[in-house]
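Source file: upload-v4.cif; contents: mmCIF, N, CA and C atoms.
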data_final
loop_
_atom_site.label_atom_id
_atom_site.label_comp_id
_atom_site.auth_asym_id
_atom_site.auth_seq_id
_atom_site.Cartn_x
_atom_site.Cartn_y
_atom_site.Cartn_z
N MET R 65 -15.56 19.78 -4.53
CA MET R 65 -14.25 19.77 -5.15
C MET R 65 -14.44 19.41 -6.63
N GLY R 66 -13.88 20.20 -7.52
CA GLY R 66 -14.02 19.95 -8.95
C GLY R 66 -13.26 18.71 -9.37
N GLU R 67 -13.68 18.12 -10.48
CA GLU R 67 -13.06 16.89 -10.97
C GLU R 67 -11.58 17.09 -11.28
N GLY R 68 -11.23 18.23 -11.90
CA GLY R 68 -9.83 18.50 -12.23
C GLY R 68 -8.97 18.60 -10.99
N LEU R 69 -9.48 19.27 -9.96
CA LEU R 69 -8.74 19.43 -8.70
C LEU R 69 -8.54 18.07 -8.03
N SER R 70 -9.58 17.26 -8.00
CA SER R 70 -9.50 15.93 -7.40
C SER R 70 -8.47 15.07 -8.14
N HIS R 71 -8.48 15.15 -9.46
CA HIS R 71 -7.54 14.39 -10.30
C HIS R 71 -6.10 14.81 -10.00
N LYS R 72 -5.88 16.10 -9.83
CA LYS R 72 -4.54 16.62 -9.53
C LYS R 72 -4.05 16.06 -8.20
N TRP R 73 -4.91 16.06 -7.17
CA TRP R 73 -4.52 15.54 -5.86
C TRP R 73 -4.27 14.04 -5.90
N ASP R 74 -5.10 13.30 -6.67
CA ASP R 74 -4.87 11.86 -6.84
C ASP R 74 -3.45 11.62 -7.33
N HIS R 75 -3.05 12.36 -8.34
CA HIS R 75 -1.71 12.16 -8.91
C HIS R 75 -0.61 12.57 -7.93
N ARG R 76 -0.84 13.63 -7.18
CA ARG R 76 0.14 14.04 -6.16
C ARG R 76 0.35 12.94 -5.13
N PHE R 77 -0.74 12.36 -4.65
CA PHE R 77 -0.62 11.34 -3.60
C PHE R 77 -0.03 10.03 -4.14
N ILE R 78 -0.35 9.67 -5.38
CA ILE R 78 0.27 8.48 -5.99
C ILE R 78 1.76 8.73 -6.19
N GLU R 79 2.13 9.93 -6.63
CA GLU R 79 3.55 10.26 -6.79
C GLU R 79 4.28 10.21 -5.45
N LEU R 80 3.62 10.67 -4.39
CA LEU R 80 4.22 10.61 -3.05
C LEU R 80 4.38 9.15 -2.62
N ALA R 81 3.37 8.33 -2.87
CA ALA R 81 3.46 6.90 -2.53
C ALA R 81 4.61 6.26 -3.30
N ASP R 82 4.80 6.65 -4.54
CA ASP R 82 5.91 6.11 -5.34
C ASP R 82 7.25 6.55 -4.76
N HIS R 83 7.33 7.79 -4.31
CA HIS R 83 8.56 8.28 -3.67
C HIS R 83 8.86 7.48 -2.40
N ILE R 84 7.85 7.28 -1.58
CA ILE R 84 8.01 6.55 -0.32
C ILE R 84 8.38 5.08 -0.59
N ALA R 85 7.88 4.52 -1.69
CA ALA R 85 8.22 3.14 -2.05
C ALA R 85 9.73 2.97 -2.22
N GLN R 86 10.39 4.01 -2.67
CA GLN R 86 11.84 3.91 -2.91
C GLN R 86 12.63 3.76 -1.61
N TRP R 87 12.00 4.00 -0.48
CA TRP R 87 12.67 3.81 0.81
C TRP R 87 12.80 2.33 1.17
N SER R 88 12.02 1.47 0.49
CA SER R 88 12.08 0.04 0.76
C SER R 88 13.42 -0.52 0.33
N LYS R 89 13.93 -1.48 1.11
CA LYS R 89 15.18 -2.15 0.76
C LYS R 89 14.93 -3.43 -0.01
N ASP R 90 13.66 -3.77 -0.27
CA ASP R 90 13.34 -5.01 -0.98
C ASP R 90 13.94 -4.94 -2.39
N PRO R 91 14.78 -5.91 -2.75
CA PRO R 91 15.43 -5.86 -4.07
C PRO R 91 14.51 -6.20 -5.24
N SER R 92 13.36 -6.84 -4.97
CA SER R 92 12.50 -7.25 -6.08
C SER R 92 11.31 -6.33 -6.30
N THR R 93 10.65 -5.88 -5.25
CA THR R 93 9.46 -5.05 -5.39
C THR R 93 9.44 -3.98 -4.29
N LYS R 94 9.28 -2.75 -4.71
CA LYS R 94 9.18 -1.64 -3.77
C LYS R 94 7.76 -1.07 -3.86
N VAL R 95 7.07 -1.03 -2.71
CA VAL R 95 5.68 -0.57 -2.68
C VAL R 95 5.55 0.54 -1.64
N GLY R 96 4.78 1.57 -1.98
CA GLY R 96 4.52 2.66 -1.06
C GLY R 96 3.03 2.86 -0.86
N CYS R 97 2.67 3.42 0.30
CA CYS R 97 1.27 3.68 0.64
C CYS R 97 1.19 5.01 1.37
N VAL R 98 0.22 5.83 0.97
CA VAL R 98 -0.07 7.08 1.65
C VAL R 98 -1.56 7.05 2.00
N ILE R 99 -1.88 7.22 3.27
CA ILE R 99 -3.28 7.22 3.70
C ILE R 99 -3.66 8.67 4.02
N VAL R 100 -4.75 9.09 3.38
CA VAL R 100 -5.14 10.50 3.38
C VAL R 100 -6.55 10.64 3.93
N GLY R 101 -6.75 11.62 4.82
CA GLY R 101 -8.06 11.90 5.38
C GLY R 101 -8.93 12.69 4.42
N GLU R 102 -10.18 12.91 4.84
CA GLU R 102 -11.15 13.54 3.95
C GLU R 102 -10.82 14.99 3.60
N ASP R 103 -9.95 15.64 4.36
CA ASP R 103 -9.53 17.01 4.04
C ASP R 103 -8.18 17.04 3.35
N ARG R 104 -7.81 15.92 2.73
CA ARG R 104 -6.54 15.76 2.02
C ARG R 104 -5.33 15.88 2.93
N GLU R 105 -5.52 15.56 4.22
CA GLU R 105 -4.38 15.57 5.13
C GLU R 105 -3.77 14.17 5.17
N ILE R 106 -2.46 14.10 5.17
CA ILE R 106 -1.78 12.81 5.21
C ILE R 106 -1.84 12.29 6.65
N ARG R 107 -2.45 11.13 6.81
CA ARG R 107 -2.58 10.54 8.14
C ARG R 107 -1.50 9.52 8.45
N SER R 108 -1.00 8.83 7.42
CA SER R 108 0.06 7.85 7.63
C SER R 108 0.69 7.49 6.30
N THR R 109 1.90 6.94 6.39
CA THR R 109 2.59 6.44 5.20
C THR R 109 3.24 5.12 5.55
N GLY R 110 3.58 4.35 4.54
CA GLY R 110 4.28 3.10 4.76
C GLY R 110 4.92 2.60 3.49
N PHE R 111 5.93 1.76 3.66
CA PHE R 111 6.55 1.07 2.53
C PHE R 111 6.83 -0.35 2.98
N ASN R 112 7.06 -1.25 2.03
CA ASN R 112 7.29 -2.65 2.42
C ASN R 112 8.68 -2.81 3.02
N GLY R 113 8.70 -3.50 4.15
CA GLY R 113 9.97 -3.72 4.85
C GLY R 113 9.76 -4.56 6.09
N PHE R 114 10.86 -4.89 6.73
CA PHE R 114 10.80 -5.70 7.94
C PHE R 114 10.35 -4.84 9.14
N PRO R 115 9.79 -5.49 10.16
CA PRO R 115 9.41 -4.75 11.36
C PRO R 115 10.62 -4.07 12.02
N ARG R 116 10.34 -3.06 12.80
CA ARG R 116 11.40 -2.35 13.53
C ARG R 116 12.20 -3.35 14.36
N GLY R 117 13.51 -3.21 14.30
CA GLY R 117 14.39 -4.06 15.10
C GLY R 117 14.73 -5.40 14.46
N ILE R 118 14.16 -5.70 13.30
CA ILE R 118 14.46 -6.95 12.60
C ILE R 118 15.50 -6.63 11.52
N ASP R 119 16.61 -7.34 11.56
CA ASP R 119 17.73 -7.07 10.66
C ASP R 119 17.35 -7.36 9.20
N ASP R 120 17.47 -6.34 8.35
CA ASP R 120 17.14 -6.52 6.93
C ASP R 120 18.42 -6.68 6.10
N ASP R 121 19.16 -7.73 6.42
CA ASP R 121 20.42 -7.97 5.71
C ASP R 121 20.15 -8.57 4.33
N GLU R 122 21.19 -8.57 3.50
CA GLU R 122 21.10 -9.03 2.11
C GLU R 122 20.60 -10.47 2.01
N GLU R 123 21.08 -11.35 2.91
CA GLU R 123 20.68 -12.75 2.83
C GLU R 123 19.17 -12.89 2.97
N ARG R 124 18.58 -12.19 3.94
CA ARG R 124 17.14 -12.27 4.13
C ARG R 124 16.38 -11.61 2.98
N LEU R 125 16.85 -10.46 2.54
CA LEU R 125 16.15 -9.73 1.49
C LEU R 125 16.17 -10.44 0.14
N ASN R 126 17.21 -11.22 -0.11
CA ASN R 126 17.35 -11.87 -1.41
C ASN R 126 16.86 -13.31 -1.43
N ASN R 127 16.35 -13.79 -0.30
CA ASN R 127 15.85 -15.16 -0.22
C ASN R 127 14.36 -15.10 0.15
N ARG R 128 13.49 -15.38 -0.83
CA ARG R 128 12.04 -15.26 -0.59
C ARG R 128 11.56 -16.11 0.57
N ASP R 129 12.17 -17.28 0.77
CA ASP R 129 11.75 -18.14 1.88
C ASP R 129 12.02 -17.47 3.24
N LEU R 130 13.09 -16.70 3.31
CA LEU R 130 13.41 -15.97 4.54
C LEU R 130 12.65 -14.64 4.61
N LYS R 131 12.47 -13.99 3.47
CA LYS R 131 11.88 -12.65 3.42
C LYS R 131 10.38 -12.65 3.69
N TYR R 132 9.62 -13.53 3.01
CA TYR R 132 8.17 -13.44 3.08
C TYR R 132 7.57 -13.55 4.48
N PRO R 133 8.09 -14.43 5.35
CA PRO R 133 7.49 -14.47 6.69
C PRO R 133 7.78 -13.21 7.52
N LEU R 134 8.80 -12.46 7.15
CA LEU R 134 9.22 -11.30 7.95
C LEU R 134 8.65 -9.97 7.45
N ILE R 135 8.40 -9.86 6.16
CA ILE R 135 8.13 -8.54 5.57
C ILE R 135 6.71 -8.06 5.86
N CYS R 136 6.61 -6.77 6.14
CA CYS R 136 5.32 -6.09 6.26
C CYS R 136 5.08 -5.37 4.94
N HIS R 137 3.89 -5.51 4.40
CA HIS R 137 3.54 -4.79 3.18
C HIS R 137 3.35 -3.30 3.50
N ALA R 138 3.41 -2.47 2.49
CA ALA R 138 3.32 -1.02 2.67
C ALA R 138 2.03 -0.61 3.38
N GLU R 139 0.91 -1.22 2.98
CA GLU R 139 -0.38 -0.88 3.58
C GLU R 139 -0.39 -1.25 5.06
N GLU R 140 0.14 -2.44 5.37
CA GLU R 140 0.21 -2.87 6.78
C GLU R 140 1.06 -1.91 7.59
N ASN R 141 2.20 -1.53 7.04
CA ASN R 141 3.08 -0.61 7.76
C ASN R 141 2.40 0.74 8.00
N ALA R 142 1.67 1.24 7.01
CA ALA R 142 0.96 2.51 7.19
C ALA R 142 -0.11 2.38 8.28
N ILE R 143 -0.85 1.29 8.27
CA ILE R 143 -1.89 1.07 9.28
C ILE R 143 -1.27 0.91 10.67
N MET R 144 -0.20 0.12 10.77
CA MET R 144 0.43 -0.11 12.07
C MET R 144 1.11 1.15 12.60
N HIS R 145 1.66 1.96 11.70
CA HIS R 145 2.25 3.24 12.14
C HIS R 145 1.16 4.14 12.71
N ALA R 146 0.02 4.22 12.05
CA ALA R 146 -1.08 5.03 12.56
C ALA R 146 -1.53 4.53 13.93
N ALA R 147 -1.63 3.21 14.09
CA ALA R 147 -2.03 2.64 15.38
C ALA R 147 -1.00 2.97 16.45
N ARG R 148 0.26 2.91 16.10
CA ARG R 148 1.35 3.17 17.04
C ARG R 148 1.29 4.59 17.61
N ILE R 149 0.87 5.54 16.75
CA ILE R 149 0.84 6.95 17.19
C ILE R 149 -0.59 7.44 17.50
N GLY R 150 -1.57 6.53 17.43
CA GLY R 150 -2.93 6.87 17.83
C GLY R 150 -3.71 7.71 16.83
N VAL R 151 -3.52 7.45 15.53
CA VAL R 151 -4.23 8.19 14.49
C VAL R 151 -5.30 7.28 13.87
N SER R 152 -6.55 7.74 13.85
CA SER R 152 -7.63 6.98 13.24
C SER R 152 -7.55 7.08 11.72
N LEU R 153 -7.81 5.96 11.06
CA LEU R 153 -7.83 5.94 9.60
C LEU R 153 -9.25 5.80 9.06
N LYS R 154 -10.23 5.78 9.95
CA LYS R 154 -11.62 5.62 9.55
C LYS R 154 -12.02 6.73 8.57
N GLY R 155 -12.60 6.32 7.45
CA GLY R 155 -13.06 7.29 6.46
C GLY R 155 -11.98 7.83 5.54
N SER R 156 -10.79 7.23 5.60
CA SER R 156 -9.66 7.72 4.80
C SER R 156 -9.57 7.00 3.45
N SER R 157 -8.68 7.53 2.62
CA SER R 157 -8.35 6.93 1.33
C SER R 157 -6.91 6.45 1.36
N ALA R 158 -6.65 5.29 0.76
CA ALA R 158 -5.29 4.75 0.69
C ALA R 158 -4.80 4.81 -0.75
N TYR R 159 -3.69 5.50 -0.94
CA TYR R 159 -3.03 5.57 -2.25
C TYR R 159 -1.86 4.61 -2.21
N VAL R 160 -1.86 3.64 -3.13
CA VAL R 160 -0.81 2.62 -3.13
C VAL R 160 -0.24 2.46 -4.53
N THR R 161 1.03 2.06 -4.58
CA THR R 161 1.69 1.91 -5.87
C THR R 161 1.39 0.57 -6.53
N TRP R 162 0.81 -0.36 -5.78
CA TRP R 162 0.37 -1.65 -6.30
C TRP R 162 -1.05 -1.89 -5.80
N PRO R 163 -1.84 -2.68 -6.51
CA PRO R 163 -3.14 -3.05 -5.94
C PRO R 163 -2.89 -3.91 -4.69
N PRO R 164 -3.67 -3.72 -3.64
CA PRO R 164 -3.45 -4.48 -2.41
C PRO R 164 -3.73 -5.98 -2.58
N CYS R 165 -2.94 -6.77 -1.85
CA CYS R 165 -3.17 -8.22 -1.79
C CYS R 165 -4.34 -8.48 -0.84
N SER R 166 -4.76 -9.73 -0.74
CA SER R 166 -5.90 -10.06 0.13
C SER R 166 -5.59 -9.78 1.61
N ARG R 167 -4.36 -10.02 2.02
CA ARG R 167 -3.96 -9.76 3.41
C ARG R 167 -4.10 -8.27 3.72
N CYS R 168 -3.64 -7.42 2.81
CA CYS R 168 -3.74 -5.98 3.02
C CYS R 168 -5.17 -5.49 2.86
N ALA R 169 -5.92 -6.12 1.95
CA ALA R 169 -7.33 -5.75 1.80
C ALA R 169 -8.07 -5.94 3.12
N ARG R 170 -7.81 -7.08 3.78
CA ARG R 170 -8.44 -7.32 5.10
C ARG R 170 -8.11 -6.20 6.06
N SER R 171 -6.84 -5.83 6.11
CA SER R 171 -6.39 -4.81 7.06
C SER R 171 -6.97 -3.44 6.71
N LEU R 172 -6.99 -3.09 5.43
CA LEU R 172 -7.54 -1.79 5.02
C LEU R 172 -9.03 -1.70 5.34
N ILE R 173 -9.75 -2.77 5.08
CA ILE R 173 -11.19 -2.80 5.39
C ILE R 173 -11.39 -2.63 6.89
N GLN R 174 -10.64 -3.38 7.70
CA GLN R 174 -10.80 -3.33 9.15
C GLN R 174 -10.38 -1.98 9.74
N ALA R 175 -9.45 -1.29 9.08
CA ALA R 175 -8.99 0.01 9.56
C ALA R 175 -9.99 1.12 9.22
N GLY R 176 -10.99 0.81 8.40
CA GLY R 176 -12.01 1.81 8.07
C GLY R 176 -11.73 2.61 6.82
N ILE R 177 -10.82 2.12 5.98
CA ILE R 177 -10.52 2.82 4.72
C ILE R 177 -11.75 2.76 3.82
N ASN R 178 -12.14 3.91 3.25
CA ASN R 178 -13.31 3.98 2.36
C ASN R 178 -12.96 3.76 0.90
N GLU R 179 -11.71 4.09 0.55
CA GLU R 179 -11.35 4.12 -0.86
C GLU R 179 -9.89 3.72 -1.02
N VAL R 180 -9.60 2.95 -2.07
CA VAL R 180 -8.24 2.56 -2.41
C VAL R 180 -7.97 3.03 -3.84
N ILE R 181 -6.88 3.75 -4.01
CA ILE R 181 -6.50 4.28 -5.32
C ILE R 181 -5.12 3.74 -5.65
N TYR R 182 -4.97 3.17 -6.85
CA TYR R 182 -3.65 2.70 -7.24
C TYR R 182 -3.39 3.00 -8.71
N SER R 183 -2.14 2.93 -9.08
CA SER R 183 -1.71 3.25 -10.43
C SER R 183 -2.09 2.15 -11.41
N ALA R 184 -2.65 2.53 -12.53
CA ALA R 184 -3.02 1.57 -13.58
C ALA R 184 -1.80 1.15 -14.39
N LYS R 185 -0.66 1.78 -14.18
CA LYS R 185 0.54 1.51 -14.98
C LYS R 185 1.28 0.24 -14.57
N ILE R 186 0.93 -0.32 -13.43
CA ILE R 186 1.65 -1.47 -12.87
C ILE R 186 1.32 -2.75 -13.64
N GLU R 187 2.34 -3.52 -13.94
CA GLU R 187 2.16 -4.86 -14.51
C GLU R 187 2.27 -5.87 -13.37
N ILE R 188 1.19 -6.57 -13.13
CA ILE R 188 1.14 -7.50 -12.00
C ILE R 188 1.71 -8.86 -12.41
N PRO R 189 2.68 -9.38 -11.63
CA PRO R 189 3.18 -10.73 -11.92
C PRO R 189 2.03 -11.75 -11.81
N GLU R 190 2.07 -12.73 -12.68
CA GLU R 190 0.99 -13.72 -12.73
C GLU R 190 0.77 -14.43 -11.39
N ARG R 191 1.85 -14.61 -10.61
CA ARG R 191 1.71 -15.32 -9.33
C ARG R 191 0.79 -14.57 -8.36
N TRP R 192 0.54 -13.27 -8.58
CA TRP R 192 -0.31 -12.47 -7.69
C TRP R 192 -1.74 -12.33 -8.20
N THR R 193 -2.02 -12.74 -9.44
CA THR R 193 -3.33 -12.48 -10.05
C THR R 193 -4.49 -13.01 -9.22
N ASP R 194 -4.45 -14.27 -8.81
CA ASP R 194 -5.56 -14.86 -8.04
C ASP R 194 -5.78 -14.11 -6.73
N ASP R 195 -4.69 -13.77 -6.05
CA ASP R 195 -4.81 -13.09 -4.77
C ASP R 195 -5.40 -11.68 -4.95
N PHE R 196 -4.97 -10.97 -5.99
CA PHE R 196 -5.52 -9.63 -6.24
C PHE R 196 -7.00 -9.70 -6.59
N ASN R 197 -7.41 -10.77 -7.27
CA ASN R 197 -8.83 -10.93 -7.57
C ASN R 197 -9.64 -11.15 -6.29
N ILE R 198 -9.11 -11.91 -5.36
CA ILE R 198 -9.77 -12.11 -4.06
C ILE R 198 -9.89 -10.76 -3.35
N ALA R 199 -8.81 -10.00 -3.33
CA ALA R 199 -8.82 -8.68 -2.68
C ALA R 199 -9.87 -7.77 -3.32
N SER R 200 -9.93 -7.79 -4.64
CA SER R 200 -10.90 -6.96 -5.37
C SER R 200 -12.33 -7.33 -4.98
N ASP R 201 -12.60 -8.63 -4.88
CA ASP R 201 -13.93 -9.10 -4.46
C ASP R 201 -14.24 -8.67 -3.03
N MET R 202 -13.23 -8.72 -2.15
CA MET R 202 -13.43 -8.30 -0.76
C MET R 202 -13.79 -6.82 -0.69
N PHE R 203 -13.06 -6.00 -1.45
CA PHE R 203 -13.35 -4.56 -1.46
C PHE R 203 -14.78 -4.31 -1.95
N LYS R 204 -15.15 -4.99 -3.01
CA LYS R 204 -16.48 -4.81 -3.59
C LYS R 204 -17.56 -5.18 -2.57
N GLU R 205 -17.39 -6.34 -1.95
CA GLU R 205 -18.40 -6.82 -1.00
C GLU R 205 -18.51 -5.92 0.23
N SER R 206 -17.38 -5.36 0.66
CA SER R 206 -17.40 -4.53 1.88
C SER R 206 -17.73 -3.06 1.59
N GLY R 207 -17.85 -2.71 0.31
CA GLY R 207 -18.22 -1.33 -0.02
C GLY R 207 -17.06 -0.36 -0.16
N VAL R 208 -15.82 -0.86 -0.17
CA VAL R 208 -14.67 0.01 -0.36
C VAL R 208 -14.54 0.31 -1.86
N VAL R 209 -14.49 1.59 -2.18
CA VAL R 209 -14.34 2.02 -3.58
C VAL R 209 -12.90 1.81 -4.01
N VAL R 210 -12.70 1.24 -5.19
CA VAL R 210 -11.36 1.05 -5.73
C VAL R 210 -11.27 1.79 -7.06
N ARG R 211 -10.25 2.62 -7.19
CA ARG R 211 -10.05 3.37 -8.43
C ARG R 211 -8.62 3.16 -8.92
N LYS R 212 -8.48 3.02 -10.23
CA LYS R 212 -7.16 2.99 -10.87
C LYS R 212 -6.98 4.34 -11.54
N ILE R 213 -5.77 4.91 -11.38
CA ILE R 213 -5.51 6.17 -12.09
C ILE R 213 -4.23 6.06 -12.90
#

So that I can check it, write out the structure of this file as structure tokens.
Amino acid sequence: MGEGLSHKWDHRFIELADHIAQWSKDPSTKVGCVIVGEDREIRSTGFNGFPRGIDDDEERLNNRDLKYPLICHAEENAIMHAARIGVSLKGSSAYVTWPPCSRCARSLIQAGINEVIYSAKIEIPERWTDDFNIASDMFKESGVVVRKI
């Protein structure tokens, strides 16, 4: 696959992840994830939100103390959706609108993701910096390629 073609697909999948992020009801941060197999087939998608059957009312969504214990990150939702329908993610690439946190890094590594691609345009809040650095170190140590586009 030529470099130009690969670059075009990277942007398509990041744009799709950004579109899927808009489905999130989170009032502060909307994140999307598209997991793609080696033949550029979409294997799963996810956005940040509460588990199925958990009420995502305004009070919970606007109160971090109530929201954080309940919310699934986009990467987790994509992985859990794949597990729910019996789709393997081994050898896949994950396109995300934010760099993964350490919790999602663990899950992506365990699911067999080979590569994580995220947008370089994102400004990360300072409260997440330490956690993203841990995630970055985990990816490096486990051999998962990380690319910013």

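In terms of minimum interatomic distance to Ser183 (chain R), R:Ile78 ranks closest within R:Leu153, R:Ile78, R:Ala199, R:Ala169, counting only N, CA and C atoms.
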
(message) Would you pick out the contacts of His137 (chain R) at 7 Å or less, using only N, CA and C atoms, so that residues sharing its chain but fewer than 2 positions from it are not included, and give the list as a PyMOL selection string?
(response) chain R and resi 95+110-113+135+139-142

Please produce a file of those selected residues containing N, CA and C atoms, as a PDB file, in the coordinates of the input.
ATOM      1  N   VAL R  95       7.070  -1.030  -2.710  1.00  0.00           N
ATOM      2  CA  VAL R  95       5.680  -0.570  -2.680  1.00  0.00           C
ATOM      3  C   VAL R  95       5.550   0.540  -1.640  1.00  0.00           C
ATOM      4  N   GLY R 110       3.580   4.350   4.540  1.00  0.00           N
ATOM      5  CA  GLY R 110       4.280   3.100   4.760  1.00  0.00           C
ATOM      6  C   GLY R 110       4.920   2.600   3.490  1.00  0.00           C
ATOM      7  N   PHE R 111       5.930   1.760   3.660  1.00  0.00           N
ATOM      8  CA  PHE R 111       6.550   1.070   2.530  1.00  0.00           C
ATOM      9  C   PHE R 111       6.830  -0.350   2.980  1.00  0.00           C
ATOM     10  N   ASN R 112       7.060  -1.250   2.030  1.00  0.00           N
ATOM     11  CA  ASN R 112       7.290  -2.650   2.420  1.00  0.00           C
ATOM     12  C   ASN R 112       8.680  -2.810   3.020  1.00  0.00           C
ATOM     13  N   GLY R 113       8.700  -3.500   4.150  1.00  0.00           N
ATOM     14  CA  GLY R 113       9.970  -3.720   4.850  1.00  0.00           C
ATOM     15  C   GLY R 113       9.760  -4.560   6.090  1.00  0.00           C
ATOM     16  N   ILE R 135       8.400  -9.860   6.160  1.00  0.00           N
ATOM     17  CA  ILE R 135       8.130  -8.540   5.570  1.00  0.00           C
ATOM     18  C   ILE R 135       6.710  -8.060   5.860  1.00  0.00           C
ATOM     19  N   GLU R 139       0.910  -1.220   2.980  1.00  0.00           N
ATOM     20  CA  GLU R 139      -0.380  -0.880   3.580  1.00  0.00           C
ATOM     21  C   GLU R 139      -0.390  -1.250   5.060  1.00  0.00           C
ATOM     22  N   GLU R 140       0.140  -2.440   5.370  1.00  0.00           N
ATOM     23  CA  GLU R 140       0.210  -2.870   6.780  1.00  0.00           C
ATOM     24  C   GLU R 140       1.060  -1.910   7.590  1.00  0.00           C
ATOM     25  N   ASN R 141       2.200  -1.530   7.040  1.00  0.00           N
ATOM     26  CA  ASN R 141       3.080  -0.610   7.760  1.00  0.00           C
ATOM     27  C   ASN R 141       2.400   0.740   8.000  1.00  0.00           C
ATOM     28  N   ALA R 142       1.670   1.240   7.010  1.00  0.00           N
ATOM     29  CA  ALA R 142       0.960   2.510   7.190  1.00  0.00           C
ATOM     30  C   ALA R 142      -0.110   2.380   8.280  1.00  0.00           C
TER      31      ALA R 142
END

(request) Work out how far apart atom N of Thr109 (chain R) and atom N of Asp90 (chain R) are and give it in Å to one decimal. (result)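 Computing the Euclidean distance for atom N of Thr109 (chain R) and atom N of Asp90 (chain R) yields 17.2 Å.
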
(request) Return as a ChimeraX atom specification the full set of residues in chain R whose backbone-based DSSP assignment is helix (DSSP H, G or I). (result) /R:67-85,122-125,128-131,138-149,166-175,190-206

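Distances from R:Ile106, R:Val210, R:Cys97, R:Ala158 to Cys136 (chain R) were compared using only C-alpha atoms, and the smallest one belongs to R:Cys97.
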
(message) I'd like the contact shell of Ser166 (chain R) - 10 Å cut-off, only C-alpha atoms, skipping same-chain residues fewer than 2 positions apart - returned as an NGL selection string.
(response) :R and (163-164 or 168-172 or 192 or 194-203)

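Backbone DSSP of chain R yields strand (DSSP E) at Gly96, Cys97, Val98, Ile99, Val100, Ile106, Arg107, Ser108, Thr109, Gly110, Phe111, Ser157, Ala158, Tyr159, Val160, Glu179, Val180, Ile181, Tyr182, Val209, Val210, Arg211 and Lys212 of chain R.
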
(request) Go through R:Ala81, R:Leu134, R:Ile213, R:Ile173 and flag the residue nearest Ile99 (chain R), using only C-alpha atoms for the distances. (result) R:Ala81
